[in-house]
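Q: Here you go, one structure.
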Amino acid sequence: MTMMNAPKADCWRASVLTLFPEMFPGPLGISLSGEAMRRGDWSLDAYDIRNHGLGRHRSVDDTPAGGGPGMVLRADVLAAAIDAVCPHGDERPRFLMSPRGRPLSQGRVRELIDGPGAVIVCGRFEGVDERVIAGRNLEEVSIGDYILSGGELGAMVMLDACVRLLPGVMGHVHSGTEESFESGMLEYPHYTRPREWEGHAIPDMLLSGNHAAIARWRQAEALRITRERRPDLLIKKTS
């Protein structure tokens with residue numbers, strides 16, 4: 001296992017099981033998440049599934065039962081890796097990055113940061129033996145309706161979404177609450193200096209100093225943008 005930092009005793013702990021541990025921490029090692037990692041606010045361990053591979057070549061996959069293209073990660077190999085990283089008594093939830101999983105949501109992210117951390121399995125090839133998903137209680141999660149070469153990039157997305165909301169990671173206390181999806185809608189437009197740029201001015205309302213009116217304007221703009229771009233969010237909000 002490759003440990004990326006020396007964490008505090010009570011930090012939020014993430015473990016990633018992958019065939020490519022060298023991909024981590026990747027972008028998670030820079031900017032806000034990287035600074036938080038170096039402070040010990042959260043930890044990231046990348047564990048090589050191939051440590052439990054079979055034979056001289058440390059094989060981790062085999063042909064699909066019933067035939068078909070590609071290869072499938074073996075249940076015995078992957079279960080052994082999960083057990084090594086997440087032994088009995090480890091209360092962290094276990095995830096499998098999968099296009100058939102439930103879409104990752106801001107609400108689920110907020111639930112996760114209230115817990116001790118996460119264990120994330122990164123699949124490869126055609127998929128993972130179904131028996132280990134059930135046998136090790138893996139929650140399948142997706143970051144979108146498309147296919148990637150493996151689960152590593154999805155794991156990074158999921159971890160970034162979590163880490164940025166940990167206490168002290170973002171500078172302003174409201175930075176993580178006034179964003180898209182936090183209220184069930186997309187975020188309102190933002191502006192800053194210069195006051196006029198290429199013939200386009202900052203809306204007068206934002207310069208009025210009337211904070212109640214500004215709040216109403218932002219709410220109306222958030223509703224407008226959500227109706228135009230993601231009307232499905234409004235359906236979920238009212239259902």
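Just remember, in the structure tokens the first chain shown is A, the second B, etc., residues are 1-based per chain, and ligands are 1-based in the order shown.
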What's the 9 Å shell around Ala80 in chain A, counting only C-alpha atoms, without same-chain residues fewer than 4 positions away, as a list of chain:residue names?
A: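 So the residues in contact are A:Ile49, A:His52, A:Ala75, A:Asp76, A:Ala84, A:Val85.
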Q: Please identify all polymer residues within 6 Å of range 98-105 of chain A, counting only C-alpha atoms, omitting same-chain residues fewer than 4 positions from it, and present them as JSON, numbers by chain.
A: {"A": [140, 141, 142, 143]}
Q: Hey, what's within 12 Å of Pro7 in chain A if we count only C-alpha atoms and toss same-chain stuff fewer than 5 positions away? As a list in words, please?
A: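 Skipping anything fewer than 5 positions along the chain leaves Trp12, Arg13, Ala14, Ala36, Met37, Arg38, Arg39, Gly40, Asp41, Trp42, Ser43, Leu44 and Asp45 of chain A.
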Q: With N, CA and C atoms retained, write the just-selected residues as a PDB file, in the first residue's frame.
A:
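Now in selection_2.pdb:
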ATOM      1  N   TRP A  12     -10.132  12.100   7.863  1.00  0.00           N
ATOM      2  CA  TRP A  12     -11.008  11.380   6.932  1.00  0.00           C
ATOM      3  C   TRP A  12     -10.116  10.513   6.056  1.00  0.00           C
ATOM      4  N   ARG A  13     -10.339   9.186   6.058  1.00  0.00           N
ATOM      5  CA  ARG A  13      -9.405   8.250   5.426  1.00  0.00           C
ATOM      6  C   ARG A  13      -9.995   7.658   4.148  1.00  0.00           C
ATOM      7  N   ALA A  14      -9.246   7.786   3.080  1.00  0.00           N
ATOM      8  CA  ALA A  14      -9.648   7.190   1.810  1.00  0.00           C
ATOM      9  C   ALA A  14      -8.635   6.135   1.398  1.00  0.00           C
ATOM     10  N   ALA A  36      -4.680  20.123   2.058  1.00  0.00           N
ATOM     11  CA  ALA A  36      -5.358  19.459   3.170  1.00  0.00           C
ATOM     12  C   ALA A  36      -4.712  18.114   3.481  1.00  0.00           C
ATOM     13  N   MET A  37      -4.259  17.416   2.443  1.00  0.00           N
ATOM     14  CA  MET A  37      -3.574  16.148   2.645  1.00  0.00           C
ATOM     15  C   MET A  37      -2.270  16.353   3.401  1.00  0.00           C
ATOM     16  N   ARG A  38      -1.522  17.382   3.008  1.00  0.00           N
ATOM     17  CA  ARG A  38      -0.237  17.649   3.676  1.00  0.00           C
ATOM     18  C   ARG A  38      -0.433  18.105   5.120  1.00  0.00           C
ATOM     19  N   ARG A  39      -1.552  18.736   5.411  1.00  0.00           N
ATOM     20  CA  ARG A  39      -1.861  19.108   6.798  1.00  0.00           C
ATOM     21  C   ARG A  39      -2.291  17.904   7.626  1.00  0.00           C
ATOM     22  N   GLY A  40      -2.637  16.817   6.955  1.00  0.00           N
ATOM     23  CA  GLY A  40      -3.115  15.636   7.661  1.00  0.00           C
ATOM     24  C   GLY A  40      -4.608  15.648   7.911  1.00  0.00           C
ATOM     25  N   ASP A  41      -5.356  16.536   7.201  1.00  0.00           N
ATOM     26  CA  ASP A  41      -6.806  16.598   7.376  1.00  0.00           C
ATOM     27  C   ASP A  41      -7.499  15.400   6.747  1.00  0.00           C
ATOM     28  N   TRP A  42      -6.863  14.802   5.749  1.00  0.00           N
ATOM     29  CA  TRP A  42      -7.388  13.576   5.153  1.00  0.00           C
ATOM     30  C   TRP A  42      -6.205  12.756   4.648  1.00  0.00           C
ATOM     31  N   SER A  43      -6.419  11.484   4.464  1.00  0.00           N
ATOM     32  CA  SER A  43      -5.346  10.618   3.978  1.00  0.00           C
ATOM     33  C   SER A  43      -5.821   9.837   2.773  1.00  0.00           C
ATOM     34  N   LEU A  44      -4.859   9.443   1.947  1.00  0.00           N
ATOM     35  CA  LEU A  44      -5.156   8.657   0.753  1.00  0.00           C
ATOM     36  C   LEU A  44      -4.136   7.541   0.617  1.00  0.00           C
ATOM     37  N   ASP A  45      -4.617   6.305   0.589  1.00  0.00           N
ATOM     38  CA  ASP A  45      -3.777   5.135   0.379  1.00  0.00           C
ATOM     39  C   ASP A  45      -4.160   4.499  -0.952  1.00  0.00           C
TER      40      ASP A  45
END
Q: Quick check, in Å to one decimal: how far apart do CA of Met71 in chain A and CA of Tyr146 in chain A lie?
A: 19.5 Å
Q: Leaving out Leu159 in chain A and any residue of its chain fewer than 4 positions from it, which residues lie within 10 Å of it when counting only C-alpha atoms, given as a list in words?
A: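 The contact residues come out as Ala14, Val16, Leu28, Ser33, Leu44, Val109, Leu112, Ile113, Gly117, Ala118, Ile120, Leu153, Gly154, Ala155, Val163 and Arg164 of chain A.
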Q: Give the alpha helix (DSSP H) residues of range 9-238 of chain A, as assigned by DSSP on the backbone, as number ranges by chain.
A: A: 31-39, 75-85, 106-113, 130-135, 152-163, 211-229, 231-238
Q: Please list as a ChimeraX atom specification every residue within 10 Å of Leu223 in chain A, counting only C-alpha atoms and excluding residues in the same chain fewer than 3 positions away.
A: /A:184-188,217-220,226-228,230-231,234
Q: Write out the residues from the selection above, keeping N, CA and C atoms, as a compact mmCIF listing (two decimals), in the first residue's frame.
A:
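Just written: out_39.txt:
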# COMPACT_ATOMS: atom_id res chain seq x y z
N GLY A 184 -30.76 22.01 -4.76
CA GLY A 184 -31.57 21.30 -5.74
C GLY A 184 -31.66 22.01 -7.07
N MET A 185 -30.90 23.09 -7.23
CA MET A 185 -30.87 23.83 -8.49
C MET A 185 -29.43 24.13 -8.89
N LEU A 186 -29.26 24.60 -10.13
CA LEU A 186 -27.95 25.05 -10.56
C LEU A 186 -27.66 26.42 -9.97
N GLU A 187 -26.39 26.80 -9.97
CA GLU A 187 -25.98 28.04 -9.31
C GLU A 187 -26.28 29.26 -10.18
N TYR A 188 -26.48 30.38 -9.51
CA TYR A 188 -26.72 31.66 -10.19
C TYR A 188 -25.43 32.17 -10.84
N TRP A 217 -32.78 38.12 -6.54
CA TRP A 217 -32.31 38.07 -7.93
C TRP A 217 -31.54 36.78 -8.19
N ARG A 218 -30.66 36.44 -7.26
CA ARG A 218 -29.87 35.22 -7.43
C ARG A 218 -30.76 33.98 -7.44
N GLN A 219 -31.76 33.97 -6.58
CA GLN A 219 -32.68 32.83 -6.55
C GLN A 219 -33.43 32.71 -7.86
N ALA A 220 -33.88 33.84 -8.39
CA ALA A 220 -34.62 33.84 -9.66
C ALA A 220 -33.72 33.39 -10.81
N THR A 226 -31.74 26.71 -14.20
CA THR A 226 -32.09 25.31 -13.98
C THR A 226 -33.21 24.88 -14.93
N ARG A 227 -34.19 25.75 -15.12
CA ARG A 227 -35.28 25.44 -16.05
C ARG A 227 -34.75 25.25 -17.47
N GLU A 228 -33.78 26.08 -17.85
CA GLU A 228 -33.25 26.02 -19.21
C GLU A 228 -32.34 24.82 -19.43
N ARG A 230 -31.35 22.14 -16.82
CA ARG A 230 -31.55 20.88 -16.10
C ARG A 230 -32.95 20.84 -15.50
N PRO A 231 -33.99 20.84 -16.34
CA PRO A 231 -35.34 20.80 -15.79
C PRO A 231 -35.62 19.55 -14.96
N LEU A 234 -35.65 20.15 -11.23
CA LEU A 234 -36.86 20.74 -10.67
C LEU A 234 -37.94 19.68 -10.46
Q: In Å, with one decimal, what is the gap from CA of Arg193 in chain A to CA of Ala212 in chain A?
A: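 CA of Ala212 in chain A lies 21.8 Å from CA of Arg193 in chain A.
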Q: Take CA of Pro69 in chain A and CA of Asn137 in chain A and report the distance between them in Å, one decimal.
A: 26.4 Å
